[in-house]
Amino acid sequence: MEKNRIATLTLDDGRSIELPIMSGTLGPDVIDIRNLGKLGIFTYDPAFFSTASCTSAITFIDGDAGLLYYRGYPIEQLAEHSDFLEVCYLLLNGELPDGGQKAEFSRRVTSHTMVHDQMARFFSGFRRDAHPMAVMVGVVGALSAFYHDSLDISNPEHRDISALRMLAKVPTIAAMAHKYYIGAPFMYPKNKFGYAENLMYMMFATPAEDYIPNPVLVRALDRILILHADHEQNASTSTVRLAGSSGANPFACIASGIAALWGPAHGGANEAALNMLIEIGDVSRVKEYVQGVKDKKYRLMGFGHRVYKNMDPRAAVMRQTCYEVLKELKLENNKLFELAMELERVALSDPYFIDHKLYPNVDFYSGIVLRALGIPTNMFTVIFAVARTVGWISQWNEMIASGDHKISRPRQLYRGAVKRDYVPVKKR
Ligand code: ACO
């Protein structure tokens with residue numbers, strides 16, 4: 001039996017409280033501070049540097065060792081041997097599917113890939129040059145206005161059907177956002193294709209020509225989807241959980257996750273990293289640029305991570321994928337890739353980056369791969385959103401299914417005006 005372990009907190013006025021120490025199956029212990037309020041005090045941790053917001057059995061990260069597991073399986077093994085839909089099943093259900101389960105899951109997702117035809121009309125309400133992420137936030141949120149029949153979040157079957165609908169429809173909406181932006185006709189999904197293949201088809205095919213997907217490029221996109229599928233309690237996932245804690249419907253919750261993902265410190269980083277490489281422009285400017293980063297004029301995008309203080313394990317897989325894609329496209333001498341390699345080499349040998357424990361994250365390379373696949377820069381974060389949808393749904397479902405969640409409600413350290421009396425406008 002597990003020994004009860006206790007941390008004792010003593011205040012400067014002599015009052016003290018015993019706080020239970022909890023252990024997970026992996027990772028550091030945590031101190032359960034839920035009873036602190038009995039002393040009339042709270043903890044202060046604005047950006048959640050030291051706070052676990054939930055219990056979860058989905059994804060494990062050891063940032064110091066550079067480890068990432070989905071349901072216990074190392075990301076490198078999944079990226080090499082699995083495929084995105086199988087990873088979706090794993091994240092949602094906790095186990096890898098057997099052959100029959102895999103085929104059935106794929107069939108169920110596939111049967112939901114089309115969106116209500118009326119949804120197409122939403123698009124014409126957006127300016128032609130609307131950023132596809134703006135379209136995603138709006139149109140994914142609007143799914144809740146179309147699929148009323150699956151919004152009872154206390155019903156596991158409703159949650160299951162909503163999960164399938166989002167997994168299936170978010171790529172369709174993503175491709176529509178791209179087609180709208182470039183002024184091309186929407187392409188309906190083609191269910192003979194696999195998940196990543198279908199996404200490429202809907203983005204790149206036109207009614208005028210046959211489209212034959214390149215298996216190497218499809219595999220690369222599939223791998224990008226696997227690598228971005230979940231990442232425990234990051235900003236967007238925490239946003240989804242927070243929105244969901246109020247009982248909001250899953251489509252609205254995922255839309256809130258998409259909004260949180262948009263920022264350059266999170267999902268927008270691959271777009272920012274690629275733009276940075278383009279701005280540097282030439283290997284000869286790397287040292288000067290790195291000096292600018294050290295002088296804090298700008299950040300090295302695609303570097304650093306709140307949790308990884310070692311190599312992001314996804315970055316290593318993505319670098320390999322980058323080689324494969326560039327080789328397939330006969331772009332081995334790709335200037336941006338050479339620039340990225342040099343930037344990585346210079347940064348990793350520089351004391352500033354070593355002391356700050358700044359290593360490349362997955363987005364340092366994913367931008368180059370996405371660009372090589374022909375995906376425009378403004379769609380990078382959208383692809384990330386497509387991948388992360390399954391993580392958001394899995395985390396949301398875990399929270400709702402636990403049955404004991406409460407509305408999330410952080411406290412604050414108030415530093416505003418103390419009580420004062422209203423002064424009529426003429427006397428101010
Ligand atoms: N380039 C240069 N310096 C950096 C960088 C960077 N990319 N990231 C952090 N630092 C420095 C900060 O200047 C700070 O230095 P100081 O202590 O001397 O003042 C120190 O490292 C700590 O930085 P914080 O911003 O406090 O660290 P935090 O954990 O909050 O930031 C973040 C994490 C936001 C990811 C940050 O590293 C960053 O902005 N990176 C660039 C954007 C990026 O690549 N984001 C992708 C994240 S991965 C993903 O979402 C898939």
# chains A, B, ... in the order shown; residues from 1 in each chain; ligands from 1
call {"tool": "residues_near_ligand", "arguments": {"ligand": "ligand 1", "cutoff": "8 Å", "atoms": "only C-alpha atoms and all ligand atoms", "output": "ChimeraX atom specification"}}
result
/A:47,228,234,261,264-270,272-273,293-294,296,298-307,353,356-358,360-364
call {"tool": "closest_residue", "arguments": {"among": "A:Asn35, A:Ser50, A:Asn191, A:Ser150", "to": "Met114 of chain A", "atoms": "only C-alpha atoms"}}
result
A:Asn191
call {"tool": "residues_around", "arguments": {"residues": "Ile173 of chain A", "least_positions_apart": "5", "cutoff": "9 Å", "atoms": "only C-alpha atoms", "output": "PyMOL selection string"}}
result
chain A and resi 115+135-136+139-140+178
call {"tool": "residues_around", "arguments": {"residues": "segment 83-94 of chain A", "least_positions_apart": "6", "cutoff": "9 Å", "atoms": "only C-alpha atoms", "output": "VMD selection string"}}
result
chain A and resid 57 to 59 70 to 71 101 to 102 105 to 106 109 163 167 194 to 196 219 222 to 226 229 to 230 387 390 to 391 393 to 395 397 to 398
call {"tool": "select_by_dssp", "arguments": {"residues": "segment 50-96 of chain A", "states": "helix (DSSP H, G or I)", "output": "PyMOL selection string"}}
result
chain A and resi 75-81+84-93
call {"tool": "residues_around", "arguments": {"residues": "Gln412 of chain A", "least_positions_apart": "6", "cutoff": "12 Å", "atoms": "only C-alpha atoms", "output": "list in words"}}
result
Ile41, Phe42, Thr43, Tyr44, Asp45 and Pro46 of chain A
call {"tool": "write_last_selection", "arguments": {"atoms": "C-alpha atoms", "output": "short mmCIF file (atom, residue, chain, number, x, y, z; two decimals), in the first residue's frame"}}
result
data_model
loop_
_atom_site.label_atom_id
_atom_site.label_comp_id
_atom_site.auth_asym_id
_atom_site.auth_seq_id
_atom_site.Cartn_x
_atom_site.Cartn_y
_atom_site.Cartn_z
CA ILE A 41 -4.39 31.98 1.63
CA PHE A 42 -3.81 30.93 -1.97
CA THR A 43 -0.77 30.14 -4.07
CA TYR A 44 0.53 32.53 -6.74
CA ASP A 45 1.59 30.91 -10.05
CA PRO A 46 0.34 33.11 -12.94
#
call {"tool": "atom_distance", "arguments": {"atom1": "atom CA of Val317 of chain A", "atom2": "atom CA of Met202 of chain A"}}
result
25.9 Å
call {"tool": "residues_around", "arguments": {"residues": "segment 341-343 of chain A", "least_positions_apart": "4", "cutoff": "12 Å", "atoms": "only C-alpha atoms", "output": "NGL selection string"}}
result
:A and (273 or 276-277 or 280-291 or 293 or 300-303 or 319 or 322-323 or 333-337 or 347-350 or 353 or 359-360 or 364-365 or 368)
call {"tool": "write_last_selection", "arguments": {"atoms": "C-alpha atoms", "output": "PDB file, in the first residue's frame"}}
result
ATOM      1  CA  ALA A 273      10.192  30.165 -37.590  1.00  0.00           C
ATOM      2  CA  MET A 276      12.580  34.107 -39.555  1.00  0.00           C
ATOM      3  CA  LEU A 277      14.636  31.821 -41.844  1.00  0.00           C
ATOM      4  CA  ILE A 280      17.857  35.808 -42.280  1.00  0.00           C
ATOM      5  CA  GLY A 281      18.112  34.823 -45.907  1.00  0.00           C
ATOM      6  CA  ASP A 282      21.674  33.558 -46.051  1.00  0.00           C
ATOM      7  CA  VAL A 283      24.027  31.369 -44.005  1.00  0.00           C
ATOM      8  CA  SER A 284      26.465  34.303 -43.835  1.00  0.00           C
ATOM      9  CA  ARG A 285      23.971  36.243 -41.654  1.00  0.00           C
ATOM     10  CA  VAL A 286      23.454  33.528 -39.031  1.00  0.00           C
ATOM     11  CA  LYS A 287      26.097  34.730 -36.548  1.00  0.00           C
ATOM     12  CA  GLU A 288      24.816  38.321 -36.709  1.00  0.00           C
ATOM     13  CA  TYR A 289      21.229  37.123 -36.186  1.00  0.00           C
ATOM     14  CA  VAL A 290      22.191  34.944 -33.221  1.00  0.00           C
ATOM     15  CA  GLN A 291      23.931  37.971 -31.688  1.00  0.00           C
ATOM     16  CA  VAL A 293      18.847  37.145 -30.206  1.00  0.00           C
ATOM     17  CA  LEU A 300      14.901  32.574 -32.072  1.00  0.00           C
ATOM     18  CA  MET A 301      11.586  31.178 -33.239  1.00  0.00           C
ATOM     19  CA  GLY A 302      11.325  27.395 -33.115  1.00  0.00           C
ATOM     20  CA  PHE A 303      13.706  27.368 -30.167  1.00  0.00           C
ATOM     21  CA  ARG A 319      14.505  16.827 -38.958  1.00  0.00           C
ATOM     22  CA  CYS A 322      12.699  17.055 -43.557  1.00  0.00           C
ATOM     23  CA  TYR A 323      15.601  15.092 -45.152  1.00  0.00           C
ATOM     24  CA  ASN A 333      20.340  21.694 -51.466  1.00  0.00           C
ATOM     25  CA  ASN A 334      17.385  23.616 -50.139  1.00  0.00           C
ATOM     26  CA  LYS A 335      18.695  26.961 -48.908  1.00  0.00           C
ATOM     27  CA  LEU A 336      16.313  27.278 -45.971  1.00  0.00           C
ATOM     28  CA  PHE A 337      17.179  23.808 -44.715  1.00  0.00           C
ATOM     29  CA  ALA A 347      22.912  28.189 -31.419  1.00  0.00           C
ATOM     30  CA  LEU A 348      23.612  24.805 -29.836  1.00  0.00           C
ATOM     31  CA  SER A 349      27.278  25.636 -29.358  1.00  0.00           C
ATOM     32  CA  ASP A 350      26.642  29.087 -27.920  1.00  0.00           C
ATOM     33  CA  PHE A 353      21.502  28.882 -25.552  1.00  0.00           C
ATOM     34  CA  TYR A 359      16.940  23.621 -27.951  1.00  0.00           C
ATOM     35  CA  PRO A 360      15.078  23.363 -31.251  1.00  0.00           C
ATOM     36  CA  PHE A 364      11.913  24.658 -36.105  1.00  0.00           C
ATOM     37  CA  TYR A 365      11.710  22.015 -38.848  1.00  0.00           C
ATOM     38  CA  ILE A 368      10.352  23.734 -43.859  1.00  0.00           C
TER      39      ILE A 368
END
call {"tool": "residues_around", "arguments": {"residues": "Leu143 of chain A", "least_positions_apart": "3", "cutoff": "10 Å", "atoms": "only C-alpha atoms", "output": "NGL selection string"}}
result
:A and (115-116 or 119 or 138-140 or 146-148 or 162 or 165-166 or 169-170 or 250-252 or 255)
call {"tool": "atom_distance", "arguments": {"atom1": "atom CA of Tyr69 of chain A", "atom2": "atom CA of His231 of chain A"}}
result
9.1 Å
